[in-house]
Structures are given as C-alpha cells and as structure tokens.
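Listing of my_file_24.pdb; format and content: PDB, C-alpha atoms.
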```
ATOM      1  CA  MET Y   1     103.188 107.724 120.670  1.00  0.00           C
ATOM      2  CA  ASN Y   2     104.775 106.045 117.650  1.00  0.00           C
ATOM      3  CA  SER Y   3     103.654 102.657 118.955  1.00  0.00           C
ATOM      4  CA  ARG Y   4     100.054 103.898 119.142  1.00  0.00           C
ATOM      5  CA  MET Y   5     100.206 105.158 115.569  1.00  0.00           C
ATOM      6  CA  ASP Y   6     101.663 101.832 114.389  1.00  0.00           C
ATOM      7  CA  LYS Y   7      98.897  99.953 116.176  1.00  0.00           C
ATOM      8  CA  PHE Y   8      96.232 102.268 114.717  1.00  0.00           C
ATOM      9  CA  TYR Y   9      97.726 101.901 111.214  1.00  0.00           C
ATOM     10  CA  ASN Y  10      97.817  98.112 111.602  1.00  0.00           C
ATOM     11  CA  ILE Y  11      94.157  97.967 112.705  1.00  0.00           C
ATOM     12  CA  MET Y  12      93.065 100.320 109.895  1.00  0.00           C
ATOM     13  CA  THR Y  13      94.977  98.305 107.280  1.00  0.00           C
ATOM     14  CA  ARG Y  14      93.477  95.034 108.469  1.00  0.00           C
ATOM     15  CA  THR Y  15      89.978  96.562 108.612  1.00  0.00           C
ATOM     16  CA  ILE Y  16      90.275  97.873 105.046  1.00  0.00           C
ATOM     17  CA  MET Y  17      91.482  94.463 103.916  1.00  0.00           C
ATOM     18  CA  PHE Y  18      88.523  92.788 105.641  1.00  0.00           C
ATOM     19  CA  ILE Y  19      86.076  95.182 104.010  1.00  0.00           C
ATOM     20  CA  SER Y  20      87.613  94.527 100.602  1.00  0.00           C
ATOM     21  CA  SER Y  21      87.402  90.759 101.086  1.00  0.00           C
ATOM     22  CA  TYR Y  22      83.631  91.103 100.724  1.00  0.00           C
ATOM     23  CA  PHE Y  23      83.777  92.975  97.418  1.00  0.00           C
ATOM     24  CA  PRO Y  24      81.960  90.171  95.553  1.00  0.00           C
ATOM     25  CA  LEU Y  25      79.173  90.344  98.145  1.00  0.00           C
ATOM     26  CA  TYR Y  26      78.697  94.079  97.628  1.00  0.00           C
ATOM     27  CA  ILE Y  27      78.398  93.660  93.871  1.00  0.00           C
ATOM     28  CA  MET Y  28      75.938  90.767  94.298  1.00  0.00           C
ATOM     29  CA  ILE Y  29      73.850  92.830  96.728  1.00  0.00           C
ATOM     30  CA  ILE Y  30      73.641  95.682  94.225  1.00  0.00           C
ATOM     31  CA  ILE Y  31      72.559  93.241  91.509  1.00  0.00           C
ATOM     32  CA  LEU Y  32      70.028  91.428  93.723  1.00  0.00           C
ATOM     33  CA  TYR Y  33      68.461  94.578  95.123  1.00  0.00           C
ATOM     34  CA  PHE Y  34      68.883  96.930  92.168  1.00  0.00           C
ATOM     35  CA  SER Y  35      65.139  97.343  91.586  1.00  0.00           C
ATOM     36  CA  LYS Y  36      64.484  97.946  95.307  1.00  0.00           C
ATOM     37  CA  ILE Y  37      67.349 100.443  95.464  1.00  0.00           C
ATOM     38  CA  THR Y  38      66.062 102.285  92.387  1.00  0.00           C
ATOM     39  CA  LYS Y  39      62.523 102.350  93.780  1.00  0.00           C
ATOM     40  CA  GLY Y  40      63.850 103.506  97.172  1.00  0.00           C
ATOM     41  CA  PHE Y  41      65.675 106.445  95.585  1.00  0.00           C
ATOM     42  CA  LEU Y  42      62.579 107.423  93.617  1.00  0.00           C
ATOM     43  CA  GLU Y  43      60.428 107.248  96.761  1.00  0.00           C
ATOM     44  CA  LYS Y  44      63.159 108.961  98.840  1.00  0.00           C
ATOM     45  CA  ASN Y  45      63.201 106.044 101.301  1.00  0.00           C
ATOM     46  CA  ILE Y  46      65.944 107.036 103.730  1.00  0.00           C
ATOM     47  CA  LEU Y  47      66.616 103.450 104.836  1.00  0.00           C
ATOM     48  CA  ILE Y  48      67.201 102.200 101.307  1.00  0.00           C
ATOM     49  CA  ILE Y  49      69.218 105.291 100.386  1.00  0.00           C
ATOM     50  CA  SER Y  50      71.385 104.729 103.471  1.00  0.00           C
ATOM     51  CA  PHE Y  51      71.825 101.051 102.590  1.00  0.00           C
ATOM     52  CA  ALA Y  52      72.808 101.862  98.995  1.00  0.00           C
ATOM     53  CA  THR Y  53      75.181 104.612 100.143  1.00  0.00           C
ATOM     54  CA  LEU Y  54      76.848 102.297 102.654  1.00  0.00           C
ATOM     55  CA  THR Y  55      77.231  99.604  99.996  1.00  0.00           C
ATOM     56  CA  LEU Y  56      78.770 102.152  97.622  1.00  0.00           C
ATOM     57  CA  ILE Y  57      81.192 103.312 100.333  1.00  0.00           C
ATOM     58  CA  LEU Y  58      82.228  99.679 100.953  1.00  0.00           C
ATOM     59  CA  ILE Y  59      82.834  99.217  97.211  1.00  0.00           C
ATOM     60  CA  ILE Y  60      84.986 102.375  97.149  1.00  0.00           C
ATOM     61  CA  ILE Y  61      86.989 101.163 100.167  1.00  0.00           C
ATOM     62  CA  SER Y  62      87.499  97.842  98.365  1.00  0.00           C
ATOM     63  CA  VAL Y  63      88.841  99.581  95.265  1.00  0.00           C
ATOM     64  CA  ILE Y  64      91.112 101.711  97.466  1.00  0.00           C
ATOM     65  CA  SER Y  65      92.504  98.544  99.086  1.00  0.00           C
ATOM     66  CA  VAL Y  66      93.528  97.130  95.700  1.00  0.00           C
ATOM     67  CA  THR Y  67      95.013 100.483  94.733  1.00  0.00           C
ATOM     68  CA  LEU Y  68      97.020 100.569  97.969  1.00  0.00           C
ATOM     69  CA  LEU Y  69      98.114  96.973  97.411  1.00  0.00           C
ATOM     70  CA  LYS Y  70      99.266  97.730  93.856  1.00  0.00           C
ATOM     71  CA  LEU Y  71     100.949 101.042  94.763  1.00  0.00           C
ATOM     72  CA  GLY Y  72     102.856  99.559  97.677  1.00  0.00           C
ATOM     73  CA  LYS Y  73     106.554  99.393  97.018  1.00  0.00           C
ATOM     74  CA  GLY Y  74     108.786  97.249  99.072  1.00  0.00           C
ATOM     75  CA  THR Y  75     112.486  97.258  99.625  1.00  0.00           C
ATOM     76  CA  ARG Y  76     112.614  94.511 102.219  1.00  0.00           C
ATOM     77  CA  GLU Y  77     113.830  91.134 101.080  1.00  0.00           C
ATOM     78  CA  LYS Y  78     112.358  87.808 102.070  1.00  0.00           C
ATOM     79  CA  GLY Y  79     113.729  84.367 101.389  1.00  0.00           C
ATOM     80  CA  ILE Y  80     111.149  82.240  99.636  1.00  0.00           C
ATOM     81  CA  ASN Y  81     112.412  78.716  99.904  1.00  0.00           C
ATOM     82  CA  ASN Y  82     109.841  75.939 100.098  1.00  0.00           C
ATOM     83  CA  LEU Y  83     106.745  77.895  99.096  1.00  0.00           C
ATOM     84  CA  GLU Y  84     103.688  75.716  99.470  1.00  0.00           C
ATOM     85  CA  ASN Y  85     101.252  75.523  96.604  1.00  0.00           C
ATOM     86  CA  PRO Y  86      98.331  77.876  96.812  1.00  0.00           C
ATOM     87  CA  ASP Y  87      95.262  76.194  98.165  1.00  0.00           C
ATOM     88  CA  ASP Y  88      91.558  76.779  97.932  1.00  0.00           C
ATOM     89  CA  ARG Y  89      91.200  78.947 101.024  1.00  0.00           C
ATOM     90  CA  VAL Y  90      89.938  81.951  99.078  1.00  0.00           C
ATOM     91  CA  LEU Y  91      87.352  79.809  97.314  1.00  0.00           C
ATOM     92  CA  SER Y  92      86.357  78.272 100.648  1.00  0.00           C
ATOM     93  CA  TYR Y  93      86.036  81.789 102.071  1.00  0.00           C
ATOM     94  CA  ILE Y  94      83.622  82.743  99.295  1.00  0.00           C
ATOM     95  CA  MET Y  95      81.556  79.590  99.663  1.00  0.00           C
ATOM     96  CA  THR Y  96      81.480  79.718 103.465  1.00  0.00           C
ATOM     97  CA  TYR Y  97      80.890  83.400 104.149  1.00  0.00           C
ATOM     98  CA  ILE Y  98      79.767  85.284 101.066  1.00  0.00           C
ATOM     99  CA  ILE Y  99      77.304  82.885  99.419  1.00  0.00           C
ATOM    100  CA  PRO Y 100      75.182  82.265 102.563  1.00  0.00           C
ATOM    101  CA  LEU Y 101      74.753  86.006 103.069  1.00  0.00           C
ATOM    102  CA  ILE Y 102      73.074  86.426  99.684  1.00  0.00           C
ATOM    103  CA  THR Y 103      71.185  83.172  99.196  1.00  0.00           C
ATOM    104  CA  ASN Y 104      68.552  83.559 101.872  1.00  0.00           C
ATOM    105  CA  GLY Y 105      65.332  84.547 100.116  1.00  0.00           C
ATOM    106  CA  ASP Y 106      63.645  85.750 103.306  1.00  0.00           C
ATOM    107  CA  ASN Y 107      63.570  89.550 103.293  1.00  0.00           C
ATOM    108  CA  SER Y 108      62.480  89.987 106.899  1.00  0.00           C
ATOM    109  CA  LYS Y 109      64.113  92.500 109.218  1.00  0.00           C
ATOM    110  CA  GLU Y 110      65.293  89.643 111.419  1.00  0.00           C
ATOM    111  CA  VAL Y 111      67.236  88.088 108.534  1.00  0.00           C
ATOM    112  CA  TYR Y 112      68.890  91.430 107.776  1.00  0.00           C
ATOM    113  CA  ILE Y 113      69.835  91.871 111.438  1.00  0.00           C
ATOM    114  CA  VAL Y 114      71.249  88.332 111.631  1.00  0.00           C
ATOM    115  CA  ASN Y 115      73.251  88.895 108.422  1.00  0.00           C
ATOM    116  CA  ILE Y 116      74.675  92.151 109.790  1.00  0.00           C
ATOM    117  CA  LEU Y 117      75.592  90.424 113.057  1.00  0.00           C
ATOM    118  CA  LEU Y 118      77.168  87.554 111.106  1.00  0.00           C
ATOM    119  CA  PHE Y 119      79.163  90.059 109.022  1.00  0.00           C
ATOM    120  CA  VAL Y 120      80.406  91.785 112.217  1.00  0.00           C
ATOM    121  CA  LEU Y 121      81.278  88.436 113.858  1.00  0.00           C
ATOM    122  CA  ILE Y 122      83.182  87.258 110.792  1.00  0.00           C
ATOM    123  CA  GLY Y 123      84.991  90.615 110.716  1.00  0.00           C
ATOM    124  CA  TYR Y 124      86.015  90.313 114.348  1.00  0.00           C
ATOM    125  CA  ILE Y 125      87.334  86.772 113.840  1.00  0.00           C
ATOM    126  CA  TYR Y 126      88.998  87.751 110.539  1.00  0.00           C
ATOM    127  CA  LEU Y 127      90.890  90.587 112.240  1.00  0.00           C
ATOM    128  CA  ARG Y 128      91.597  88.705 115.467  1.00  0.00           C
ATOM    129  CA  LEU Y 129      93.098  85.717 113.618  1.00  0.00           C
ATOM    130  CA  ASN Y 130      94.921  87.952 111.107  1.00  0.00           C
ATOM    131  CA  LEU Y 131      93.247  86.344 108.087  1.00  0.00           C
ATOM    132  CA  ILE Y 132      93.622  89.417 105.872  1.00  0.00           C
ATOM    133  CA  TYR Y 133      95.231  87.317 103.177  1.00  0.00           C
ATOM    134  CA  LEU Y 134      91.848  85.651 102.474  1.00  0.00           C
ATOM    135  CA  ASN Y 135      90.733  88.147  99.883  1.00  0.00           C
ATOM    136  CA  PRO Y 136      88.932  87.163  96.669  1.00  0.00           C
ATOM    137  CA  LEU Y 137      89.413  90.671  95.271  1.00  0.00           C
ATOM    138  CA  TRP Y 138      93.192  90.256  95.308  1.00  0.00           C
ATOM    139  CA  ALA Y 139      92.854  86.894  93.576  1.00  0.00           C
ATOM    140  CA  MET Y 140      90.758  88.607  90.897  1.00  0.00           C
ATOM    141  CA  PHE Y 141      93.685  90.980  90.304  1.00  0.00           C
ATOM    142  CA  GLY Y 142      96.194  88.145  89.915  1.00  0.00           C
ATOM    143  CA  TYR Y 143      97.631  87.861  93.415  1.00  0.00           C
ATOM    144  CA  ILE Y 144      98.213  84.349  94.695  1.00  0.00           C
ATOM    145  CA  ILE Y 145      98.662  83.278  98.289  1.00  0.00           C
ATOM    146  CA  TYR Y 146     101.596  81.074  99.278  1.00  0.00           C
ATOM    147  CA  ARG Y 147     102.851  79.832 102.612  1.00  0.00           C
ATOM    148  CA  ASP Y 148     106.593  79.522 103.162  1.00  0.00           C
ATOM    149  CA  ALA Y 149     108.635  77.166 105.331  1.00  0.00           C
ATOM    150  CA  ASN Y 150     108.275  79.557 108.304  1.00  0.00           C
ATOM    151  CA  LYS Y 151     104.452  79.503 107.875  1.00  0.00           C
ATOM    152  CA  ASP Y 152     104.525  83.139 106.773  1.00  0.00           C
ATOM    153  CA  ILE Y 153     102.032  84.173 104.108  1.00  0.00           C
ATOM    154  CA  VAL Y 154     103.410  85.495 100.820  1.00  0.00           C
ATOM    155  CA  ILE Y 155     100.973  87.366  98.570  1.00  0.00           C
ATOM    156  CA  THR Y 156     102.350  87.979  95.105  1.00  0.00           C
ATOM    157  CA  ASN Y 157     101.527  88.427  91.465  1.00  0.00           C
ATOM    158  CA  VAL Y 158     104.906  86.991  90.475  1.00  0.00           C
ATOM    159  CA  SER Y 159     104.300  83.965  88.298  1.00  0.00           C
ATOM    160  CA  ARG Y 160     104.895  80.504  89.665  1.00  0.00           C
ATOM    161  CA  GLU Y 161     107.544  79.966  86.974  1.00  0.00           C
ATOM    162  CA  MET Y 162     109.484  83.046  88.092  1.00  0.00           C
ATOM    163  CA  LEU Y 163     109.202  82.006  91.738  1.00  0.00           C
ATOM    164  CA  ARG Y 164     110.937  78.700  90.964  1.00  0.00           C
ATOM    165  CA  HIS Y 165     114.044  80.606  89.870  1.00  0.00           C
ATOM    166  CA  LYS Y 166     114.174  83.080  92.745  1.00  0.00           C
ATOM    167  CA  GLU Y 167     115.567  82.736  96.215  1.00  0.00           C
ATOM    168  CA  LYS Y 168     114.356  86.111  97.512  1.00  0.00           C
ATOM    169  CA  LEU Y 169     111.552  88.538  96.794  1.00  0.00           C
ATOM    170  CA  LYS Y 170     111.470  92.267  97.403  1.00  0.00           C
ATOM    171  CA  GLY Y 171     108.344  93.539  99.041  1.00  0.00           C
ATOM    172  CA  TYR Y 172     106.823  94.719 102.279  1.00  0.00           C
ATOM    173  CA  TYR Y 173     104.952  93.373 105.275  1.00  0.00           C
ATOM    174  CA  ILE Y 174     101.329  94.361 105.808  1.00  0.00           C
ATOM    175  CA  SER Y 175     101.333  92.381 109.024  1.00  0.00           C
ATOM    176  CA  ASN Y 176     103.941  90.532 111.061  1.00  0.00           C
ATOM    177  CA  ASP Y 177     103.652  87.375 109.008  1.00  0.00           C
ATOM    178  CA  ILE Y 178     102.085  88.589 105.744  1.00  0.00           C
ATOM    179  CA  PHE Y 179     104.517  89.650 103.014  1.00  0.00           C
ATOM    180  CA  VAL Y 180     103.463  91.291  99.733  1.00  0.00           C
ATOM    181  CA  ALA Y 181     105.724  91.153  96.672  1.00  0.00           C
ATOM    182  CA  HIS Y 182     104.915  92.753  93.323  1.00  0.00           C
ATOM    183  CA  LYS Y 183     106.135  91.554  89.957  1.00  0.00           C
ATOM    184  CA  LYS Y 184     107.255  95.122  89.156  1.00  0.00           C
ATOM    185  CA  ASP Y 185     109.714  95.101  92.104  1.00  0.00           C
ATOM    186  CA  ASN Y 186     111.171  91.675  91.346  1.00  0.00           C
TER     187      ASN Y 186
END
```

Taking this structure as input, can you express it in the form of structure tokens?
Amino acid sequence: MNSRMDKFYNIMTRTIMFISSYFPLYIMIIILYFSKITKGFLEKNILIISFATLTLILIIISVISVTLLKLGKGTREKGINNLENPDDRVLSYIMTYIIPLITNGDNSKEVYIVNILLFVLIGYIYLRLNLIYLNPLWAMFGYIIYRDANKDIVITNVSREMLRHKEKLKGYYISNDIFVAHKKDN
C-alpha cells in the first residue's frame, strides 16, 4: 500500500509542477481575453465562466507549487561537484510551448481544441520524460537549474558564488534524479 501512495504522490507532484510550468501562459490568456471574460460574466455565458474559472484554478495551483517548493525542507545531503552551468532550457521551453499557444489569432473552435490537445500532449511528454525541472515560474522566483556530474538535476536558489565554495547541499528529492536545495537550509 505504501508503494501505491508513493507512486500517487509522485504523479501528483509532477502534475502540479507541470501545471505550474505554464503559469506565464495563464497570465497571458487572462490579459488577452480579459474583455471576452468580462463580457462572458456579464452575459452569464457558462462556457466563458468555466474557462475563466479553470484558468483561475490553474493559477492557484501554480502559486501552491511555488509555496510547496519554498516550504520544502530537506535534510538529505547531495555532493555537488562539477555542476554544469545553467542553460537556456527554460527559455527554450517558453519559446517552444507557451508562445505558440497564445500567438494564433484565429479564434475558431478548432484552434481551441488543437491547443487543448497540444497542452495535453505536452503534459504527457513532460511527465513521461520527467521534465518537471523546466519551470519558468521557479526561475522567476530565483531558482536556477544545474546538472551535476551524475546527470542529476539540482534546482536551487543558492547563489553561484556560494556553490563554488560548497561540496554538499542539504535538500530533498522531488523525483529520483531531481534535487531541490534552498538557500535557507545551506
């Protein structure tokens, strides 16, 4: 039974992290469709109200993910020799997946359906390949992604200068190969 709970917790954590990785998209959608959303609420359009409510729920889940990330306290230690420089993967993620979803000016139902299917497909791949570290929201809050000599991912808000003088970080794993370390614990 414990194994089932661990698996469920792992899937829920990764799903929340995926949802939060699209935080910039949710904000852009609200900005782009603000007048339609306002009009939809005034006209009591159930479809638009549902859309706005879902978007709001996704924003709340995103904020919860950052809160959980910041509140996490780790006591496990991880050696951090040979950390690779952070790269532009988060920026590539934004340019590849978020921007195309908002730049299509066609407001047809087919475009909305295709965008939803694309979002679901990206989510499936994101979870399947354990890409939860690709999260622009975390970068906005000062967390940087590193890769160590073992190809593990280290997500931390510890400054690069401090990392040069450390051999180990205290933190916790959010996945088998993704380690989170907070400045407050180190």

Excluding same-chain residues fewer than 2 positions from stretch 154-166 of chain Y, what lies within 8 Å of it counting only C-alpha atoms, as a PDB file with C-alpha atoms, keeping the file's coordinate frame?
```pdb
ATOM      1  CA  ILE Y  80     111.149  82.240  99.636  1.00  0.00           C
ATOM      2  CA  TYR Y 133      95.231  87.317 103.177  1.00  0.00           C
ATOM      3  CA  GLY Y 142      96.194  88.145  89.915  1.00  0.00           C
ATOM      4  CA  TYR Y 143      97.631  87.861  93.415  1.00  0.00           C
ATOM      5  CA  ILE Y 144      98.213  84.349  94.695  1.00  0.00           C
ATOM      6  CA  ILE Y 145      98.662  83.278  98.289  1.00  0.00           C
ATOM      7  CA  TYR Y 146     101.596  81.074  99.278  1.00  0.00           C
ATOM      8  CA  ARG Y 147     102.851  79.832 102.612  1.00  0.00           C
ATOM      9  CA  ASP Y 148     106.593  79.522 103.162  1.00  0.00           C
ATOM     10  CA  ASP Y 152     104.525  83.139 106.773  1.00  0.00           C
ATOM     11  CA  LYS Y 168     114.356  86.111  97.512  1.00  0.00           C
ATOM     12  CA  LEU Y 169     111.552  88.538  96.794  1.00  0.00           C
ATOM     13  CA  ILE Y 178     102.085  88.589 105.744  1.00  0.00           C
ATOM     14  CA  PHE Y 179     104.517  89.650 103.014  1.00  0.00           C
ATOM     15  CA  VAL Y 180     103.463  91.291  99.733  1.00  0.00           C
ATOM     16  CA  ALA Y 181     105.724  91.153  96.672  1.00  0.00           C
ATOM     17  CA  HIS Y 182     104.915  92.753  93.323  1.00  0.00           C
ATOM     18  CA  LYS Y 183     106.135  91.554  89.957  1.00  0.00           C
ATOM     19  CA  ASN Y 186     111.171  91.675  91.346  1.00  0.00           C
TER      20      ASN Y 186
END
```

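Computed from the coordinates, the atom CA of Y:Asn45 to atom CA of Y:Ser20 distance equals 27.0 Å.
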
Quick check on the file I pasted: which residues fall under the PyMOL selection byres ((chain Y and resi 121-129) around 9)? Write them as a PyMOL selection string.
chain Y and resi 11+14-15+18-19+97+116-120+130-132+134

For Y:Ile61, which residue out of Y:Ser175, Y:Tyr22, Y:Leu32, Y:Leu42 is the nearest one, using only C-alpha atoms?
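With only C-alpha atoms as the atom set, the closest residue is Y:Tyr22.
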
Y:Asn10, Y:Met28, Y:Tyr33, Y:Ser62 ranked by distance to Y:Asn135, top pick (using all atoms listed in the file)
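Counting all atoms listed in the file, the residue closest to Y:Asn135 is Y:Ser62.
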